[in-house]
Each structure stands twice: as structure tokens, then as C-alpha cells.
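Below: one structure, written as C-alpha cells.
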Amino acid sequence: MIKKVENILTYAHLTEEANELEIKNRALARRIATEGIVLLENNGILPIPKEEKILLAGAGATNTIKGGSGSGEVNERYSVSILDGLKYAGYSILNQEELEEYRLKAIEEKEKFFIEKRKKAGFFSFKEISMANIETGYHDIEFVLNKDKKYDTEIAIYVLSRMSGEGGDRKLDKGDFLLSDRENEDIHYLAKTYKDVIVIINAGGMVDLSSLDDIKLSGLIFMGMLGEEGGNALADIISGDITPSGHLTSTWPISYKDIPYGDKYSYLDQNEKELDYSEDIYLGYRYYERFRKKVRYPFGYGLSYTGFKIATKVDLADEIKIFVKLKNFGEFKGKCVLQFYASIPEGKLKQPQFSLIGFTKSKLLVPDQETLLSVSIPYHYLASYDEESSSTIMEKGRYALYIGQSSDKRSLIAGFDLHEDIIISKHKKICPLKKNIEILTPDFPKKDLLIPDNLMLTLDPSNIKPEEIKELKVLDAPENSMDEYLIEAKKIVDELTMDELSFLLVGGGVMDIAIPSPHSVIVPGAAGNTTNKLKEKNLKSFALADGPAGLRLVKTSVVLKNAKTIKYVDHGMEMFNYLPKIAKLLGYSKINKGTPLYCYTTAFPTGISLAQTWSEKLLNKFGDAIAKEMEEYGVTVWLAPGMNIQKNPLCGRNFEYFSEDPVLSGKMAKAIVLGVQAHRGCYLTLKHFACNNQENERKYTSANVSERALREIYLKGFGIAVKEGRCRGIMSSYNRINGVWSGANKDLLTTVLREEWKYKGFVITDWDESHEGLEEYRSIDSGINLLMPGNHKQIANLKKALQNKTLDINVAKERAIQIVQIMLLHNSTIK
């Protein structure tokens with residue numbers, strides 16, 4: 001696929017037409033989107049026949065948000081709005097003309113908003129433009145419902161739309177987490193005027209619906225942010241062409257005040273540089289179930305148009321094996337999500353009421369069709385971390401296993417007794433707390449477990465063995481060539497000078513708006529590149545591209561007539577649309593100034609919607625599709641998936657993350673990893689390692705967390721993706737953990753990652769992660785392989801550290817070998 005455009009090497013397309021890969025990935029994006037939609041309420045109105053007339057209202061009807069702002073943006077060919085999706089499906093939208101007028105007016109008002117913001121901020125205040133972008137979405141002109149006319153229908157659909165993004169948290173304000181006065185007034189008006197009102201939540205997370213508790217909605221759908229095919233996917237669900245099978249991946253409390261320590265989160269505490277994880281292990285459903293708090297929608301909740309009968313059998317062997325006989329007894333074809341939970345005995349260690357230990361999703365079943373499913377769950381998923389002994393243990397006592405379709409509706413399927421404590425693994429202490437924080441602890445015992453004799457199983461304790469972790473090899477090259485690459489990499493690194501070694505450990509910089517040569521492959525819109533200073537040693541640079549809802553590249557760029565420079569025609573992020581005209585004139589070009597290049601990538605659903613499919617198979621296909629686009633456009637490393645825990649619903653980046661649960665997060669990431677890395681020469685980076693749970697002041701916030709919560713909640717998902725998914729790339733986070741920067745945290749990057757998990761892949765910093773007073777050598781010494789995006793100061797500082805032996809040259813060479821192996825493999829794919 002590689003093309004020589006004049007004298008520049010690029011994978012970009014020379015024609016604008018959609019190719020077979022784009023069309024295929026578009027269909028996959030739609031399929032994922034339909035399975036990620038969650039039906040929250042249905043009082044008999046859904047599905048709606050396509051011959052029905054509909055009144056459609058709300059800002060998101062036309063300005064449907066397909067993804068959040070920041071590095072996670074995707075520059076797709078087109079995006080389908082809810083209005084367009086319903087029209088394409090055949091529905092008659094009675095107020096279509098008014099909606100089209102609003103669509104245009106909202107675009108104009110958004111432009112005015114940015115212009116005013118820029119004027120107030122000053123010409124060169126890039127930060128203000130960026131933050132303005134994050135704040136918009138609900139700063140667009142409000143949608144005004146026409147209340148002077150009663151439309152000839154009994155069905156009204158109202159779309160609540162919210163933007164969120166990188167670099168800033170959501171606000172506990174009207175128009176963001178809460179309904180605006182206008183939205184509240186409009187929905188109440190619709191409920192009085194029309195028989196059936198359906199509300200669609202088009203957002204990256206929950207919206208507080210308390211102000212609607214006095215009315216009964218006919219339907220409620222959490223649409224999420226569904227990428228380019230969102231409008232079509234929603235129409236598939238509303239029409240019944242697809243039966244909803246999405247389930248929530250985080251608990252929705254009745255109101256924000258029900259969240260433990262919610263008043264201490266981010267800006268609400270007026271101390272954004274300290275975030276105490278006082279809820280400890282009692283996060284999300286672990287808190288609400290253990291402390292017996294009612295919620296609006298529980299973890300794992302989701303309605304369907306059909307129903308399923310379930311029968312189970314459990315065997316206790318080398319793993320817990322659960323066999324399920326499933327039958328669709330309803331009138332619609334559909335898929336069923338099955339969730340498995342375990343209640344762990346409360347001995348020395350306090351415990352949640354239960355925890356998720358596994359899940360599966362059925363194939364599509366027609367009415368009366370049966371299928372058999374099986375799930376294997378390792379015993380160490382039932383273990384807990386004991387800080388006193390620094391060990392992961394299964395305590396003696398009675399264990400109970402459940403099956404359910406949400407955390408509040410579970411059926412007991414088996415139980416067993418363990419008569420002595422069993423140590424699963426021993427550990428070193430990591431990341432000690434440096435301040436006293438309040439730790440939430442229940443002051444009452446767990447509910448008693450009453451297990452009938454016929455469900456009690458006998459466990460042979462010898463079946464519980466230490467967790468087996470296979471050592472990872474960095475490359476995905478054929479086994480017989482592994483050693484060849486490693487030997488060559490070691491030989492090259494041994495011959496590097498200190499100058500060359502410093503270049504290798506620092507990125508080659510961000511691609512500026514005007515892209516220069518001499519990178520080995522130019523990828524328009526790449527987030528960064530490795531150094532190209534060592535090409536005479538056959539170490540050519542490779543490109544890294546943002547994610548995680550797809551590849552973030554620039555749609556249109558142009559090779560100028562001097563044949564040495566590429567300039568962008570379109571913009572890599574939305575905020576660049578609002579730069580001053582002079583900046584556009586200097587940095588960008590018109591398409592007729594040279595040879596056009598096209599990079600149309602697919603905008604898939606965001607992380608939360610991906611996870612709401614509860615389908616490892618589907619996310620594996622998603623990873624495969626991303627890798628094919630990486631190959632298409634010359635990307636070696638994809639900066640995704642985002643898999644931090646959804647600690648609080650106000651986190652501005654929750655739309656990129658999977659869940660409040662580490663097992664679900666880890667399994668989703670694992671599936672994506674396996675899909676991407678099945679392609680030789682394609683890598684990704686799990687991010688952000690770790691505890692990136694607040695966006696305000698993210699570069700300076702200290703996550704103050706106990707070692708048990710850190711290991712059981714915030715690191716566990718990463719561990720699953722590394723140990724089971726064999727992931728080869730990780731990105732560190734901006735924040736500190738108990739006062740220590742993540743990008744120079746030896747406990748995380750060496751003790752846990754490289755020693756405990758036997759990780760042999762590469763670790764990169766987040767972009768411009770270095771802080772004042774944080775010397776670059778500390779990051780390399782702690783376990784970082786590559787400082788990104790890189791600058792001359794970092795190179796000079798590393799060289800100085802090597803010269804004065806502050807940084808051991810053998811450690812630097814060890815880090816370099818992993819990058820060189822990737823470069824060698826990369827070189828073999830572009831020859």
C-alpha cells in the first residue's frame with residue numbers, strides 16, 4: 001500500500017473515493033453501535049413501526065455528538081445524525097424543516113462562541129481555545145421547541161446531548177450533569193401534550209434525571225457516543241430491526257449526592273491537585289450493594305425486546321467452569337448478556353457484597369431457539385489483596401456464585417467452602433500512602449449466605465494454584481525469527497554512542513501543521529514519531545496515532561509543488577477550526593496547491609459504548625479493523641485503548657473508558673489487544689497507567705489511594721490485558737500516585753509491570769508528561785522506554801545523565817533494545 005508521492009513516502013490515498021476497507025469498517029461500526037445502545041425504560045412503545053409519524057426535538061437530534069473532544073476525536077468522512085438516521089429508516093419526521101433550520105443556526109452560533117472566546121483570551125492563547133472546545137456541545141444555541149403547534153402524532157422523541165473531552169471534567173451544573181431549565185421545561189411540555197415521550201441520552205456518561213421523576217416516560221435510551229453510524233444504529237434499535245442487547249457498565253445513582261465522597265471530586269473540593277480515593281474498594285456497585293443504597297439503574301442493567309430462559313451447571317476443576325443452556329422465549333430475535341458474580345467470605349479482609357468475575361454474550365437467537373454457552377473463570381479472580389502480608393489470598397469461608405443480567409438481579413447457581421487460607425501470589429509493597437486519608441469501611445457484617453445443599457459443591461483445594469504468567473516477548477514476528485531480531489537489536493544498541501542512545505529514547509517530535517521530511521513514512525495527522533536520526537543504522541522512524549474510537553488522522557492534506565513539504569487542508573482536532581485566520585493562512589494550504597492526499601478513517605463508538613456491548617468477540621473484530629486501517633495508512637503504534645476506571649461520573653474522559661469494574665475493563669481491552677496484535681507490526685498502548693480518573697489539573701493531581709484499592713480496582717484491568725492479552729505497549733499517565741509521578745514511578749513501571757507481570761513490551765509517556773523538577777533520566781530508570789513527543793532539551797538532559805552516570809547506561813540500553821526491535825520489524829514491513 002505504500003506510495004511515493006513525488007519524493008515523500010506516505011500511505012495516504014491519492015483518490016478521495018471510499019475503498020473496500022472503509023465500507024467494511026463502516027458496517028462494523030454500525031453493528032458495534034447497535035449492540036452498545038442500552039434500553040433503560042420501555043413502557044410498551046418500543047419498537048416503533050417505520051410507518052409512524054414522529055415529532056423529534058432536542059439539540060442532539062441534528063447536532064448528534066459522535067465522540068468527545070481532544071486526542072480521542074476521529075476525522076471521519078461523514079457522521080449520521082439522529083434525524084438523518086430516522087429519515088433513512090423511513091420514518092416521517094413532522095418537524096424536519098424546523099430541525100434543519102436549527103442545525104444551520106447552531107453551527108453559526110458555535111462559530112460566534114469561539115470567536116468571542118478567542119477575543120477575550122487573546123490572540124496567542126491556545127489553551128483558551130482548547131478549553132472552549134471542551135466546554136461546548138451544551139454551549140451551542142439552545143433548541144427551542146415550537147409549542148404553538150400540536151403535531152399530528154402521539155409519539156415525541158427528545159434528545160439530550162452532552163459534550164465532554166480531554167483536559168477538563170464535567171460540571172455538576174444545569175446543562176451538563178443536570179438538565180437545563182429549557183430541557184426540563186420542554187420534556188414536561190411533551191409529556192403533557194403527547195401520549196408517548198421517549199428520551200434519548202446522547203452523551204459520554206450519565207445525566208441526572210431527577211427532575212423528570214414526576215412524569216412517566218414511555219421510553220428511555222442511553223445512546224452514548226456512537227461514532228459515524230450513530231444515527232443509523234439508533235434507528236435500527238427504535239424500529240426493531242435490531243433488538244437492544246447493550247448493558248450499562250457503570251451504576252447510575254438516583255442523584256449525585258448518593259456517590260460516596262462525590263463532594264470531594266475535582267473542582268468540587270476546591271483542591272484539584274489532591275484526589276483522595278476514600279471509597280477505597282467500594283466503588284460503584286460494590287458500594288451501593290454493600291451499603292444497601294438504592295440506585296436509578298444498576299451496573300449491568302439493560303432491557304431487551306425479548307426474554308431468555310436460563311439453566312446452569314457448575315464444575316470446580318482447574319478453573320471454575322460454568323455451563324449455560326439458554327433459550328429465547330420471546331417474540332423477537334436477540335442476543336443475551338450473562339454476567340457472573342461471586343460473593344467472597346469476609347474474614348480478616350472486609351469485602352463487597354459481591355464482585356463481577358466473568359461474563360459472556362450469546363449469538364443471535366430467533367424465537368424458541370436454544371444454545372449452549374460455557375465460561376471458564378480462574379480462581380484468582382476470587383482473591384483479594386492483603387496489605388499486611390503483601391499477598392493475594394483466598395480466605396477460608398463460604399463462596400457463592402451467581403448468574404444475572406444486572407448486578408441487582410442475580411440467581412444463586414453454586415457455592416463451595418474453603419477450609420483454609422490459600423496464598424495465590426506474594427508481592428512487594430508498592431506506592432505507599434504519604435498522607436492520612438479517610439478509608440470507607442462498612443461497620444456491619446455482610447448479609448448471610450443461605451445456600452441450599454443441592455447447590456453446594458466440593459472444592460479440591462489443590463485445584464487452586466498460583467497464577468501462571470507467561471513471559472512476554474516484545475515482537476509478534478514468527479517464533480523462529482524472534483531471536484534474530486533480538487540479537488540484531490542488542491548488537492545495534494551496543495554500538496550506539498551516548499548521543500545516539502539519547503536520540504533513541506526520545507520521540508522525534510509532534511508533526512507540526514506544516515509537515516517536513518525526513519521521517520521514513522509520513523502519516524498526516526500522526527500524534528508523533530520516533531527519531532529519524534539513526535536511519536544510517538537502518539533504524540527508521542515510525543508513526544504513532546491517537547485513539548481510542550479510531551485512528552485520529554487528517555482527512556485531507558497536500559504535497560506542495562516543491563515536493564518536500566506536506567501541509568494540512570483539514571484540521572486534526574475541532575479546536576483548530578477556530579484559530580485566527582492568519583494562523584490558518586500560514587499553517588494550512590488549499591487543496592489546489594499540490595498533490596492531494598486523503599486519510600478517511602472510521603469513527604467507531606467511544607470506549608463506554610464499546611464496553612456496553614459486553615462482547616469480547618465484537619471488540620476483537622474492532623481491534624482487527626483498527627489494525628487494518630493502521631496498515632492502510634502506515635501507523636505502527638495506536639495510542640489506545642483508554643481503560644481507566646470510571647471512578648466518578650463527572651470525569652471528562654469517561655466516554656473513552658470502559659467501566660467502573662476492572663474485570664470488564666480488562667476483558668474488553670484484552671479483546672482489542674488480540675485483534676490489533678494479530679497483525680504483524682501493529683502495536684497499541686494501554687492507557688493511562690494508572691489512576692487517570694480526573695481531567696482537571698491532570699498533570700499535577702495526586703491520586704491518594706490504598707495499596708489494596710490500587711491493586712484490586714485500578715491496576716487489575718491493566719493486568720488482565722497484559723497477562724492474558726499479551727499486550728506489548730503501555731502509556732503512563734500524567735498524574736501522580738501517592739505523590740509520585742506515574743511516568744517516573746518505579747513501583748508501577750518496574751516492580752508491578754516488569755517483575756510481577758513479566759512484561760517485556762515498551763512503555764511511553766503521555767505527551768509532554770515531563771514536569772518541572774522531574775529529570776528525564778528518572779523516567780527511563782523507572783521503566784519508560786520512550787519520552788513522547790520529544791524535544792531537544794530532553795535529549796540533552798539524557799545525554800548529560802549518561803555522561804555523569806546518573807543514569808546507568810546498561811539500563812538505558814535495555815530500554816532501547818525494545819524500541820529497536822520494533823523499528824527493525826517496522827523497517828521490514830515498508831521495504
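Every chain in the C-alpha cells has a letter given in the order shown (A, B, ...), and although residue numbers restart at 1 in each chain, ligands are simply numbered from 1 in the order shown.
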Selection: 10 Å around A:Cys691, only C-alpha atoms, excl. self and same-chain fewer than 5 positions, as a list in words: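 The residues that qualify are Tyr277, Met643, Asn644, Ile645, Gln646, Lys647, Ser702, Ala703, Asn704, Val705, Leu710, Ile713, Tyr714, Leu715, Ser732, Ser733, Tyr734, Asn735, Arg736, Ile737 and Ser742 of chain A.
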I need the chosen residues saved as a tab-separated table (two decimals), in the first residue's frame, with N, CA and C atoms.
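This is the output file selection.tsv:
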chain	number	residue	atom	x	y	z
A	277	TYR	N	-8.87	8.75	47.33
A	277	TYR	CA	-9.72	7.63	46.92
A	277	TYR	C	-10.30	6.98	48.18
A	643	MET	N	-8.44	2.83	29.30
A	643	MET	CA	-9.08	1.84	30.16
A	643	MET	C	-9.02	2.19	31.64
A	644	ASN	N	-8.97	3.48	31.94
A	644	ASN	CA	-9.03	3.86	33.35
A	644	ASN	C	-10.44	3.61	33.91
A	645	ILE	N	-10.50	3.39	35.19
A	645	ILE	CA	-11.77	3.09	35.85
A	645	ILE	C	-12.63	4.34	35.92
A	646	GLN	N	-13.92	4.19	35.68
A	646	GLN	CA	-14.86	5.29	35.80
A	646	GLN	C	-15.18	5.51	37.28
A	647	LYS	N	-14.30	6.25	37.93
A	647	LYS	CA	-14.41	6.46	39.38
A	647	LYS	C	-15.57	7.38	39.73
A	702	SER	N	-2.54	14.39	42.52
A	702	SER	CA	-2.06	13.18	43.16
A	702	SER	C	-3.24	12.31	43.52
A	703	ALA	N	-3.27	11.09	42.98
A	703	ALA	CA	-4.29	10.10	43.34
A	703	ALA	C	-3.82	9.42	44.61
A	704	ASN	N	-4.47	9.72	45.72
A	704	ASN	CA	-4.08	9.17	47.01
A	704	ASN	C	-4.94	7.95	47.30
A	705	VAL	N	-4.33	6.77	47.19
A	705	VAL	CA	-5.10	5.53	47.16
A	705	VAL	C	-4.38	4.44	47.95
A	710	LEU	N	-5.65	0.10	44.91
A	710	LEU	CA	-4.82	0.25	43.71
A	710	LEU	C	-4.70	-1.08	42.98
A	713	ILE	N	-8.62	-2.64	42.12
A	713	ILE	CA	-9.52	-1.86	41.27
A	713	ILE	C	-8.78	-1.21	40.10
A	714	TYR	N	-7.74	-0.44	40.37
A	714	TYR	CA	-7.17	0.45	39.36
A	714	TYR	C	-6.06	-0.18	38.51
A	715	LEU	N	-5.44	-1.25	38.98
A	715	LEU	CA	-4.41	-1.94	38.19
A	715	LEU	C	-4.90	-3.25	37.61
A	732	SER	N	2.06	5.71	30.13
A	732	SER	CA	1.90	6.15	31.51
A	732	SER	C	0.94	7.34	31.56
A	733	SER	N	0.47	7.65	32.76
A	733	SER	CA	-0.50	8.74	32.94
A	733	SER	C	0.21	10.00	33.40
A	734	TYR	N	-0.51	11.13	33.31
A	734	TYR	CA	0.04	12.42	33.72
A	734	TYR	C	0.15	12.56	35.24
A	735	ASN	N	-0.82	12.01	35.94
A	735	ASN	CA	-0.98	12.28	37.36
A	735	ASN	C	0.09	11.62	38.22
A	736	ARG	N	0.08	11.99	39.47
A	736	ARG	CA	0.88	11.31	40.48
A	736	ARG	C	0.03	10.24	41.17
A	737	ILE	N	0.68	9.25	41.72
A	737	ILE	CA	0.03	8.27	42.58
A	737	ILE	C	0.73	8.31	43.92
A	742	SER	N	3.45	9.25	37.72
A	742	SER	CA	3.29	7.92	37.12
A	742	SER	C	4.39	7.61	36.11
Shell around A:Leu316 at 12 Å using only C-alpha atoms, local window under 4 positions removed, as a list in words: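 The neighbour list is Ile320, Lys321, Ile322, Phe323, Ser376, Ile377, Pro378, Tyr379, Leu401, Ala414, Gly415, Phe416, Asp417, Met456, Leu457, Thr458, Leu459, Asp460, Pro461, Ser462, Asn463 and Ile464 of chain A.
In this model, the gap between atom CA of A:Ala744 and atom CA of A:Glu712 comes to 21.8 Å.
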Filtered DSSP result for stretch 520-726 of chain A, state strand (DSSP E or B), as a VMD selection string: chain A and resid 522 528 to 529 543 to 546 552 556 to 560 565 to 568 588 594 to 598 635 to 639 642 683 to 684 686 to 689 702 to 704
Using N, CA, C and O atoms, can you write the selected residues to a file as a compact mmCIF listing (two decimals), in the first residue's frame?
# COMPACT_ATOMS: atom_id res chain seq x y z
N ILE A 522 5.55 9.34 6.17
CA ILE A 522 4.76 10.48 6.62
C ILE A 522 3.31 10.03 6.77
O ILE A 522 2.71 9.52 5.84
N GLY A 528 2.74 11.69 16.74
CA GLY A 528 4.18 11.78 16.95
C GLY A 528 4.92 10.72 16.18
O GLY A 528 4.32 9.85 15.53
N ASN A 529 6.24 10.78 16.26
CA ASN A 529 7.12 9.83 15.57
C ASN A 529 8.32 9.54 16.45
O ASN A 529 8.65 10.32 17.35
N ALA A 543 5.45 5.95 13.04
CA ALA A 543 4.43 6.91 13.47
C ALA A 543 3.54 6.32 14.55
O ALA A 543 3.24 5.12 14.57
N LEU A 544 3.10 7.21 15.45
CA LEU A 544 2.14 6.88 16.49
C LEU A 544 0.90 7.75 16.28
O LEU A 544 1.04 8.96 16.05
N ALA A 545 -0.28 7.15 16.34
CA ALA A 545 -1.52 7.89 16.09
C ALA A 545 -2.48 7.75 17.26
O ALA A 545 -2.54 6.71 17.92
N ASP A 546 -3.23 8.82 17.51
CA ASP A 546 -4.17 8.85 18.62
C ASP A 546 -5.36 7.91 18.40
O ASP A 546 -5.65 7.48 17.29
N ARG A 552 -6.93 8.84 14.74
CA ARG A 552 -7.11 10.28 14.52
C ARG A 552 -6.03 10.77 13.55
O ARG A 552 -4.90 11.04 13.95
N THR A 556 -7.64 15.48 4.85
CA THR A 556 -7.10 15.97 3.58
C THR A 556 -5.85 16.80 3.82
O THR A 556 -5.85 17.71 4.66
N SER A 557 -4.81 16.48 3.10
CA SER A 557 -3.58 17.27 3.13
C SER A 557 -3.06 17.35 1.70
O SER A 557 -3.64 16.76 0.78
N VAL A 558 -1.97 18.06 1.51
CA VAL A 558 -1.48 18.26 0.15
C VAL A 558 0.04 18.29 0.15
O VAL A 558 0.67 18.88 1.04
N VAL A 559 0.64 17.59 -0.83
CA VAL A 559 2.07 17.69 -1.06
C VAL A 559 2.30 18.92 -1.92
O VAL A 559 1.84 19.00 -3.06
N LEU A 560 2.99 19.89 -1.36
CA LEU A 560 3.19 21.15 -2.09
C LEU A 560 4.04 20.92 -3.33
O LEU A 560 4.77 19.93 -3.45
N THR A 565 7.32 19.18 1.13
CA THR A 565 6.52 19.53 2.30
C THR A 565 5.07 19.12 2.11
O THR A 565 4.51 19.27 1.03
N ILE A 566 4.48 18.60 3.20
CA ILE A 566 3.04 18.34 3.23
C ILE A 566 2.42 19.37 4.16
O ILE A 566 2.93 19.63 5.24
N LYS A 567 1.31 19.95 3.72
CA LYS A 567 0.53 20.82 4.60
C LYS A 567 -0.90 20.29 4.70
O LYS A 567 -1.42 19.69 3.75
N TYR A 568 -1.52 20.54 5.86
CA TYR A 568 -2.90 20.10 6.06
C TYR A 568 -3.87 21.03 5.33
O TYR A 568 -3.65 22.24 5.26
N TYR A 588 -1.75 26.23 7.00
CA TYR A 588 -2.55 25.33 6.19
C TYR A 588 -2.44 25.70 4.71
O TYR A 588 -1.93 26.76 4.35
N GLY A 594 -1.13 21.54 -4.73
CA GLY A 594 -0.21 20.44 -4.95
C GLY A 594 -0.96 19.13 -5.14
O GLY A 594 -2.11 19.13 -5.60
N THR A 595 -0.34 18.04 -4.75
CA THR A 595 -0.94 16.71 -4.89
C THR A 595 -1.75 16.37 -3.65
O THR A 595 -1.21 16.28 -2.55
N PRO A 596 -3.07 16.18 -3.80
CA PRO A 596 -3.91 15.90 -2.62
C PRO A 596 -3.64 14.51 -2.04
O PRO A 596 -3.36 13.56 -2.78
N LEU A 597 -3.73 14.41 -0.71
CA LEU A 597 -3.63 13.14 0.00
C LEU A 597 -4.88 13.00 0.87
O LEU A 597 -5.32 13.97 1.48
N TYR A 598 -5.40 11.76 0.97
CA TYR A 598 -6.64 11.55 1.71
C TYR A 598 -6.45 10.43 2.74
O TYR A 598 -5.92 9.37 2.43
N VAL A 635 0.53 3.48 10.13
CA VAL A 635 0.65 3.71 11.57
C VAL A 635 1.21 2.45 12.24
O VAL A 635 0.70 1.35 12.01
N THR A 636 2.23 2.62 13.06
CA THR A 636 2.82 1.48 13.76
C THR A 636 2.26 1.31 15.16
O THR A 636 2.03 0.19 15.60
N VAL A 637 2.02 2.41 15.87
CA VAL A 637 1.51 2.35 17.24
C VAL A 637 0.24 3.17 17.36
O VAL A 637 0.21 4.36 17.02
N TRP A 638 -0.82 2.54 17.86
CA TRP A 638 -2.10 3.20 18.10
C TRP A 638 -2.20 3.52 19.59
O TRP A 638 -2.05 2.63 20.43
N LEU A 639 -2.41 4.77 19.92
CA LEU A 639 -2.41 5.21 21.32
C LEU A 639 -3.77 4.96 21.94
O LEU A 639 -4.55 5.86 22.20
N GLY A 642 -8.17 3.45 25.90
CA GLY A 642 -8.25 4.07 27.22
C GLY A 642 -9.01 3.13 28.14
O GLY A 642 -10.09 2.68 27.80
N TYR A 683 0.97 -2.26 16.84
CA TYR A 683 1.03 -2.21 18.31
C TYR A 683 0.02 -1.18 18.82
O TYR A 683 -0.43 -0.30 18.09
N LEU A 684 -0.32 -1.31 20.09
CA LEU A 684 -1.14 -0.30 20.74
C LEU A 684 -0.56 -0.03 22.13
O LEU A 684 0.36 -0.69 22.57
N LEU A 686 -1.97 0.50 26.04
CA LEU A 686 -2.98 0.63 27.08
C LEU A 686 -2.73 1.95 27.81
O LEU A 686 -1.59 2.26 28.16
N LYS A 687 -3.78 2.71 28.06
CA LYS A 687 -3.58 3.99 28.73
C LYS A 687 -4.77 4.28 29.65
O LYS A 687 -5.85 3.74 29.45
N HIS A 688 -4.53 5.07 30.67
CA HIS A 688 -3.30 5.75 31.08
C HIS A 688 -2.87 5.10 32.39
O HIS A 688 -3.64 5.10 33.34
N PHE A 689 -1.70 4.55 32.43
CA PHE A 689 -1.21 3.71 33.52
C PHE A 689 -0.59 4.59 34.60
O PHE A 689 0.55 5.02 34.47
N SER A 702 -2.54 14.39 42.52
CA SER A 702 -2.06 13.18 43.16
C SER A 702 -3.24 12.31 43.52
O SER A 702 -4.15 12.73 44.25
N ALA A 703 -3.27 11.09 42.98
CA ALA A 703 -4.29 10.10 43.34
C ALA A 703 -3.82 9.42 44.61
O ALA A 703 -2.87 8.64 44.59
N ASN A 704 -4.47 9.72 45.72
CA ASN A 704 -4.08 9.17 47.01
C ASN A 704 -4.94 7.95 47.30
O ASN A 704 -6.12 8.06 47.61
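Going from atom CA of A:Ile215 over to atom CA of A:Phe143, you cover 21.1 Å.
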Between atom CA of A:Leu212 and atom CA of A:Glu100 - distance in Å to one decimal: 27.5 Å
Neighbour list for A:Ile784 as a ChimeraX atom specification, cut-off 6 Å, only C-alpha atoms, skip fewer than 3 positions in-chain: /A:763-764,779-780
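Across A:Val506, A:Leu534, A:Ser659, A:Lys313, the tightest approach to A:Gly790 is made by A:Val506 when counting only C-alpha atoms.
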Shortest interatomic distance to A:Arg296 - which of A:Glu101, A:Glu41, A:Asp186, A:Glu471, counting only C-alpha atoms: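 Closest candidate: A:Glu41.
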Residue neighbourhood A:Ala801, 12 Å, only C-alpha atoms, exclusion window fewer than 6 positions, as a list in words: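 Non-adjacent residues within range: Met498, Asp499, Leu501, Ser502, Glu775, Glu776, Tyr777, Arg778, Ser779, Ile780, Asp781, Gln794, Ile795, Leu807, Asp808, Ile809, Val811 and Ala812 of chain A.
Distances from A:Val207, A:Ala317, A:Ala563, A:Ala640 to A:Asp173 were compared using only C-alpha atoms, and the smallest one belongs to A:Val207.
The closest residue to A:Asn785, picked from A:Lys593, A:Gly507, A:Thr312, A:Ala690 and counting only C-alpha atoms, is A:Gly507.
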Which residue of A:His826, A:Leu749, A:Tyr151, A:Ile469 approaches A:Lys723 most closely, using only C-alpha atoms: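 Under the stated criterion, the closest residue is A:Ile469.
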